[in-house]
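Trainee: Just run-v7.pdb, nothing more (PDB, C-alpha atoms):
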ATOM      1  CA  ALA P 211       0.000   0.000   0.000
ATOM      2  CA  VAL P 212       1.051   3.626  -0.479
ATOM      3  CA  MET P 213       0.682   6.312   2.174
ATOM      4  CA  ASP P 214       0.670   9.896   0.932
ATOM      5  CA  GLY P 215       3.633  11.913   2.144
ATOM      6  CA  LEU P 216       5.177   8.974   3.976
ATOM      7  CA  GLY P 217       6.478   6.806   1.159
ATOM      8  CA  ALA P 218       5.625   3.245   0.232
ATOM      9  CA  LEU P 219       5.038   0.455   2.703
ATOM     10  CA  PRO P 220       6.562  -2.626   1.060
ATOM     11  CA  ARG P 221       4.548  -5.092   3.123
ATOM     12  CA  GLY P 222       1.339  -3.183   3.556
ATOM     13  CA  GLN P 223       0.168  -1.130   6.441
ATOM     14  CA  THR P 224      -1.836  -1.817   9.543
ATOM     15  CA  ARG P 225      -3.582   0.049  12.306
ATOM     16  CA  GLN P 226      -3.615  -0.379  16.044
ATOM     17  CA  THR P 227      -5.273   1.435  18.904
ATOM     18  CA  CYS P 228      -3.110   4.014  20.650
ATOM     19  CA  SER P 229      -3.241   3.579  24.423
ATOM     20  CA  GLY P 230      -2.672   7.292  24.894
ATOM     21  CA  CYS P 231      -5.626   8.678  22.952
ATOM     22  CA  ASP P 232      -7.559   5.504  22.109
ATOM     23  CA  SER P 233      -7.577   6.335  18.406
ATOM     24  CA  LEU P 234      -6.708   4.136  15.461
ATOM     25  CA  LYS P 235      -3.409   5.167  13.930
ATOM     26  CA  PRO P 236      -1.481   3.781  10.960
ATOM     27  CA  LEU P 237       1.843   2.086  11.502
ATOM     28  CA  ARG P 238       4.842   1.874   9.211
ATOM     29  CA  LEU P 239       7.885  -0.346   9.234
ATOM     30  CA  LEU P 240      11.229   1.143  10.218
ATOM     31  CA  TYR P 241      13.181  -1.830   8.930
ATOM     32  CA  ASN P 242      13.116  -3.049   5.336
ATOM     33  CA  GLY P 243      14.627  -6.442   6.025
ATOM     34  CA  PRO P 244      12.940  -9.777   5.304
ATOM     35  CA  GLU P 245       9.390  -9.877   6.613
ATOM     36  CA  GLY P 246       9.976  -6.546   8.332
ATOM     37  CA  ILE P 247      11.834  -8.252  11.202
ATOM     38  CA  ASP P 248      15.106  -6.987  12.606
ATOM     39  CA  PRO P 249      18.050  -9.342  13.342
ATOM     40  CA  LEU P 250      16.823  -9.763  16.914
ATOM     41  CA  GLY P 251      13.486 -11.076  15.707
ATOM     42  CA  GLN P 252      11.513  -8.039  16.754
ATOM     43  CA  CYS P 253       9.218  -6.167  14.419
ATOM     44  CA  LEU P 254      10.166  -2.504  14.281
ATOM     45  CA  LEU P 255       7.078  -0.328  14.037
ATOM     46  CA  GLN P 256       6.577   3.368  14.583
ATOM     47  CA  TRP P 257       3.437   5.413  15.029
ATOM     48  CA  VAL P 258       2.760   7.621  12.037
ATOM     49  CA  THR P 259       1.186  10.740  13.484
ATOM     50  CA  SER P 260      -0.139  11.892  10.134
ATOM     51  CA  LEU P 261      -3.457  13.024  11.557
ATOM     52  CA  GLU P 262      -1.840  15.381  14.060
ATOM     53  CA  ASN P 263       0.594  16.762  11.464
ATOM     54  CA  GLY P 264      -2.173  17.698   9.076
ATOM     55  CA  MET P 265      -1.578  15.003   6.445
ATOM     56  CA  GLU P 266      -5.229  14.036   6.367
ATOM     57  CA  ASN P 267      -5.363  12.152   3.088
ATOM     58  CA  VAL P 268      -3.796   8.904   4.276
ATOM     59  CA  LEU P 269      -5.457   6.009   2.495
ATOM     60  CA  THR P 270      -6.076   3.048   4.745
ATOM     61  CA  ASP P 271      -7.995  -0.120   4.091
ATOM     62  CA  ALA P 272     -11.140   1.889   3.432
ATOM     63  CA  ALA P 273     -10.342   1.582  -0.259
ATOM     64  CA  SER P 274     -10.026  -1.711  -2.067
ATOM     65  CA  SER P 275      -6.400  -0.886  -2.899
ATOM     66  CA  GLY P 276      -3.873   1.389  -1.255
ATOM     67  CA  GLU P 277      -3.052   2.888  -4.641
ATOM     68  CA  SER P 278      -6.681   3.325  -5.677
ATOM     69  CA  LYS P 279      -7.883   6.836  -6.376
ATOM     70  CA  ASP P 280     -11.393   6.240  -7.575
ATOM     71  CA  TRP P 281     -14.714   6.948  -5.880
ATOM     72  CA  HIS P 282     -16.232   3.633  -6.936
ATOM     73  CA  SER P 283     -13.357   1.640  -5.420
ATOM     74  CA  ILE P 284     -14.093   2.756  -1.853
ATOM     75  CA  ASP P 285     -15.108  -0.076   0.443
ATOM     76  CA  TRP P 286     -18.066   1.585   2.156
ATOM     77  CA  LYS P 287     -18.564  -1.284   4.546
ATOM     78  CA  SER P 288     -15.080  -0.697   5.962
ATOM     79  CA  VAL P 289     -15.668   3.053   6.056
ATOM     80  CA  GLN P 290     -18.914   2.714   8.011
ATOM     81  CA  LEU P 291     -17.309   0.185  10.354
ATOM     82  CA  PHE P 292     -14.423   2.555  11.074
ATOM     83  CA  VAL P 293     -16.726   5.519  11.735
ATOM     84  CA  GLY P 294     -19.117   3.413  13.799
ATOM     85  CA  LYS P 295     -16.350   2.168  16.084
ATOM     86  CA  ALA P 296     -15.042   5.705  16.523
ATOM     87  CA  GLN P 297     -18.521   6.928  17.426
ATOM     88  CA  MET P 298     -18.907   4.120  19.963
ATOM     89  CA  ARG P 299     -15.661   5.206  21.646
ATOM     90  CA  ILE P 300     -16.885   8.805  21.785
ATOM     91  CA  ALA P 301     -20.200   7.700  23.322
ATOM     92  CA  GLN P 302     -18.386   5.540  25.867
ATOM     93  CA  ALA P 303     -16.082   8.385  26.873
ATOM     94  CA  GLU P 304     -19.064  10.733  27.159
ATOM     95  CA  THR P 305     -20.873   8.230  29.369
ATOM     96  CA  GLU P 306     -17.806   7.989  31.608
ATOM     97  CA  ARG P 307     -17.618  11.817  31.621
ATOM     98  CA  ASP P 308     -14.043  11.713  30.383
ATOM     99  CA  PHE P 309     -14.323  14.953  28.444
ATOM    100  CA  ARG P 310     -10.662  15.187  27.491
ATOM    101  CA  ARG P 311     -10.910  11.801  25.853
ATOM    102  CA  VAL P 312     -14.124  12.889  24.133
ATOM    103  CA  ALA P 313     -12.302  15.899  22.694
ATOM    104  CA  ARG P 314      -9.370  13.778  21.483
ATOM    105  CA  LEU P 315     -11.602  11.177  19.867
ATOM    106  CA  THR P 316     -13.815  13.815  18.268
ATOM    107  CA  ARG P 317     -10.798  15.606  16.828
ATOM    108  CA  SER P 318      -9.392  12.327  15.518
ATOM    109  CA  LEU P 319     -12.677  11.432  13.817
ATOM    110  CA  LEU P 320     -12.988  14.860  12.215
ATOM    111  CA  ARG P 321      -9.523  14.452  10.682
ATOM    112  CA  SER P 322     -10.016  10.893   9.490
ATOM    113  CA  TRP P 323     -10.287  10.142   5.796
ATOM    114  CA  GLN P 324     -13.135   7.695   6.383
ATOM    115  CA  ALA P 325     -15.381  10.242   8.104
ATOM    116  CA  LYS P 326     -14.781  12.757   5.325
ATOM    117  CA  ALA P 327     -15.630  10.177   2.661
ATOM    118  CA  LEU P 328     -18.832   9.238   4.463
ATOM    119  CA  ALA P 329     -19.801  12.911   4.827
ATOM    120  CA  VAL P 330     -19.351  13.471   1.088
ATOM    121  CA  ARG P 331     -21.459  10.409   0.388
ATOM    122  CA  LYS P 332     -24.272  11.674   2.633
ATOM    123  CA  VAL P 333     -24.549  15.067   0.944
ATOM    124  CA  THR P 334     -24.308  13.656  -2.585
ATOM    125  CA  GLU P 335     -27.000  11.010  -2.157
ATOM    126  CA  ASN P 336     -29.827  12.999  -0.590
ATOM    127  CA  ARG P 337     -32.698  14.879  -2.212
ATOM    128  CA  GLY P 338     -30.813  18.178  -2.373
ATOM    129  CA  LYS P 339     -27.743  16.844  -4.170
ATOM    130  CA  ARG P 340     -28.623  18.751  -7.377
ATOM    131  CA  THR P 341     -29.103  22.073  -5.574
ATOM    132  CA  SER P 342     -26.026  24.271  -5.422
ATOM    133  CA  GLY P 343     -25.143  27.234  -3.217
ATOM    134  CA  ILE P 344     -23.893  30.656  -4.209
ATOM    135  CA  ASP P 345     -20.800  29.149  -5.852
ATOM    136  CA  CYS P 346     -22.902  27.032  -8.274
ATOM    137  CA  VAL P 347     -20.726  23.984  -7.530
ATOM    138  CA  HIS P 348     -22.128  20.462  -7.776
ATOM    139  CA  TRP P 349     -20.480  17.235  -6.665
ATOM    140  CA  ASP P 350     -22.191  15.228  -9.375
ATOM    141  CA  THR P 351     -19.371  13.107 -10.787
ATOM    142  CA  PRO P 352     -17.175  10.418  -9.174
ATOM    143  CA  GLU P 353     -14.084  12.542  -9.750
ATOM    144  CA  LYS P 354     -15.620  15.580  -8.045
ATOM    145  CA  LYS P 355     -16.775  13.460  -5.122
ATOM    146  CA  TRP P 356     -13.296  11.995  -4.715
ATOM    147  CA  ASN P 357     -11.647  15.422  -4.796
ATOM    148  CA  ALA P 358     -14.218  16.750  -2.335
ATOM    149  CA  ILE P 359     -12.911  14.391   0.351
ATOM    150  CA  SER P 360      -9.605  16.251   0.505
ATOM    151  CA  CYS P 361     -11.406  19.620   0.541
ATOM    152  CA  LEU P 362     -13.134  18.977   3.871
ATOM    153  CA  LYS P 363     -10.653  20.629   6.220
ATOM    154  CA  PRO P 364     -12.364  21.877   9.383
ATOM    155  CA  HIS P 365      -9.404  23.890  10.688
ATOM    156  CA  GLY P 366      -9.765  27.592   9.941
ATOM    157  CA  TYR P 367     -12.769  27.184   7.673
ATOM    158  CA  ARG P 368     -15.470  29.834   7.486
ATOM    159  CA  ALA P 369     -18.876  29.130   5.996
ATOM    160  CA  ARG P 370     -19.947  31.019   2.909
ATOM    161  CA  PRO P 371     -23.206  33.005   2.661
ATOM    162  CA  LEU P 372     -26.417  31.152   1.902
ATOM    163  CA  ARG P 373     -28.196  31.326  -1.424
ATOM    164  CA  ARG P 374     -31.677  32.683  -0.783
ATOM    165  CA  VAL P 375     -34.586  31.170  -2.680
ATOM    166  CA  TYR P 376     -38.312  31.423  -2.080
ATOM    167  CA  ILE P 377     -40.536  28.356  -1.892
ATOM    168  CA  PRO P 378     -44.263  28.726  -2.652
ATOM    169  CA  LYS P 379     -46.645  27.802   0.155
ATOM    170  CA  ALA P 380     -50.116  26.288  -0.023
ATOM    171  CA  ASN P 381     -51.767  29.620   0.841
ATOM    172  CA  GLY P 382     -50.146  31.357  -2.126
ATOM    173  CA  LYS P 383     -47.369  33.036  -0.143
ATOM    174  CA  GLU P 384     -43.676  32.256  -0.255
ATOM    175  CA  ARG P 385     -41.239  31.276   2.445
ATOM    176  CA  PRO P 386     -37.497  32.002   2.304
ATOM    177  CA  LEU P 387     -35.022  29.152   2.185
ATOM    178  CA  GLY P 388     -31.242  29.407   2.630
ATOM    179  CA  ILE P 389     -29.152  26.931   0.641
ATOM    180  CA  PRO P 390     -25.516  26.388   1.735
ATOM    181  CA  THR P 391     -22.738  25.368  -0.617
ATOM    182  CA  MET P 392     -21.796  21.737  -1.104
ATOM    183  CA  LYS P 393     -18.637  22.246   0.931
ATOM    184  CA  ASP P 394     -20.608  23.740   3.812
ATOM    185  CA  ARG P 395     -23.020  20.817   3.714
ATOM    186  CA  GLY P 396     -20.128  18.373   3.656
ATOM    187  CA  LEU P 397     -18.543  19.941   6.739
ATOM    188  CA  GLN P 398     -21.931  19.983   8.490
ATOM    189  CA  ALA P 399     -22.292  16.263   7.809
ATOM    190  CA  LEU P 400     -18.721  15.674   9.012
ATOM    191  CA  TYR P 401     -19.310  17.491  12.298
ATOM    192  CA  LEU P 402     -22.598  15.670  12.751
ATOM    193  CA  LEU P 403     -20.756  12.330  12.643
ATOM    194  CA  ALA P 404     -18.431  13.508  15.417
ATOM    195  CA  LEU P 405     -20.875  15.399  17.653
ATOM    196  CA  GLU P 406     -23.961  13.200  17.455
ATOM    197  CA  PRO P 407     -22.651  10.373  19.714
ATOM    198  CA  ALA P 408     -21.858  12.750  22.587
ATOM    199  CA  VAL P 409     -25.076  14.731  22.157
ATOM    200  CA  GLU P 410     -27.221  11.607  22.160
ATOM    201  CA  CYS P 411     -25.695  10.492  25.462
ATOM    202  CA  ALA P 412     -26.591  13.784  27.119
ATOM    203  CA  SER P 413     -30.012  14.300  25.496
ATOM    204  CA  ASP P 414     -33.381  13.862  27.135
ATOM    205  CA  PRO P 415     -34.521  10.227  26.764
ATOM    206  CA  ASN P 416     -38.106  11.448  26.239
ATOM    207  CA  SER P 417     -37.189  13.751  23.351
ATOM    208  CA  TYR P 418     -37.817  12.388  19.841
ATOM    209  CA  GLY P 419     -37.861  15.318  17.421
ATOM    210  CA  PHE P 420     -35.127  15.452  14.770
ATOM    211  CA  ARG P 421     -33.144  12.669  16.405
ATOM    212  CA  LYS P 422     -31.673   9.705  14.586
ATOM    213  CA  GLY P 423     -33.757   6.571  15.054
ATOM    214  CA  ARG P 424     -36.398   8.433  17.072
ATOM    215  CA  SER P 425     -38.243  10.919  14.901
TER     216      SER P 425
END
Spit out the file's structure as structure tokens when you get a sec.

Mentor:
Amino acid sequence: AVMDGLGALPRGQTRQTCSGCDSLKPLRLLYNGPEGIDPLGQCLLQWVTSLENGMENVLTDAASSGESKDWHSIDWKSVQLFVGKAQMRIAQAETERDFRRVARLTRSLLRSWQAKALAVRKVTENRGKRTSGIDCVHWDTPEKKWNAISCLKPHGYRARPLRRVYIPKANGKERPLGIPTMKDRGLQALYLLALEPAVECASDPNSYGFRKGRS
């Protein structure tokens, strides 16, 4: 497999859970000997802190091939499994009231390639996928969807103004509707993936409106 910015991994890559922040991080081999084993018989591995350093486009096993760069080659089952496990960890930390761990896990999920891919998929497969914002940009092709994954960078981003349209009502009047850009919708979907687990743990159990699996 190939990891962007880190060079090739001759014998593939793997992920393990970091005991410090409880997040899944890629590993790379430090030794290129046979089977990746040093003369003492110990496997030399090093954490690749690509997420913390801003290299957010690391391709893991979410795609069918490490060298694949095609929207249709994404293994969505692996992507949803990755995001689901991360959300379970956030919910568990929120239940235990370990708010520092919640912040670390939330930040890790927001920077993950899998969460960004799933966010792009959500906004390009709903009813409003053909409606653009003020920039008139559509993510309507596999190539645009793939490139959109790398565009979802939460750090330092500011939302653009809404495009105002008026929807006719049954009584003959019109109501205003604000339409965000595709990028804004993608970042909203990305933040929803990270914030929803913690919010659900702290929400009223008797509240059902606009809640996943309840409304």

Trainee: Restricting the calculation to all atoms listed in the file, which member of P:Thr391, P:Phe292, P:Cys411, P:Phe309 is positioned closest to Asp345 (chain P)?

Mentor: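 Closest to Asp345 (chain P) of all the choices is P:Thr391.
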
Trainee: Distance CA of Ala404 (chain P)-CA of Arg317 (chain P), one decimal place?

Mentor: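 So the answer is 8.0 Å.
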
Trainee: Name the residues captured by the PyMOL selection byres ((chain P and resi 299-303) around 12) when it is applied to the shown file; answer as a PyMOL selection string.

Mentor: chain P and resi 227+231-234+292-298+304-320+403-412

Trainee: CA of Asn336 (chain P) to CA of Trp349 (chain P): how many Å, to one decimal?

Mentor: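 One can read the CA of Asn336 (chain P) to CA of Trp349 (chain P) distance as 11.9 Å.
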
Trainee: Rounded to one decimal, what separation in Å do you get between CA of Asp394 (chain P) and CA of Ala369 (chain P)?

Mentor: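 Those two atoms sit 6.1 Å apart.
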
Trainee: Between P:Leu328, P:Ile344, P:Met392, P:Ala358, which is the closest to Lys287 (chain P) once you count all atoms listed in the file?

Mentor: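 The shortest atom-to-atom distance to Lys287 (chain P) comes from P:Leu328.
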
Trainee: So that I can see what lies close to region 338-342 of chain P, please list as a list in words the residues with an atom at most 9 Å from it, counting only C-alpha atoms and leaving out residues fewer than 4 positions away in the same chain.

Mentor: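 Listing them by chain and then by number gives Val333, Thr334, Cys346, Val347, His348, Trp349, Asp350, Arg373, Ile389, Pro390, Thr391 and Met392 of chain P.
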
Trainee: Smallest atom-to-atom distance to His282 (chain P): which of P:Gln324, P:Cys361, P:Arg337, P:Glu353, using all atoms listed in the file?

Mentor: P:Glu353

Trainee: Name the residues within 9 Å of (-32.3, 35.1, -2.7), counting only C-alpha atoms in the file's coordinates, and put them as a ChimeraX atom specification.

Mentor: /P:372-376,386-388

Trainee: Name the residues that the PyMOL selection byres ((chain P and resi 397) around 8) pulls out of this structure, and write them as a list in words.

Mentor: Ala329, Leu362, Lys363, Pro364, Lys393, Asp394, Arg395, Gly396, Gln398, Ala399, Leu400 and Tyr401 of chain P

Trainee: Please enumerate the residues selected by the PyMOL selection byres ((chain P and resi 286) around 10) when evaluated against the supplied file, formatted as a list in words.

Mentor: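 Evaluating the PyMOL selection byres ((chain P and resi 286) around 10) on this file yields Ala272, Ala273, Ser274, His282, Ser283, Ile284, Asp285, Lys287, Ser288, Val289, Gln290, Leu291, Phe292, Gln324, Ala327, Leu328 and Arg331 of chain P.
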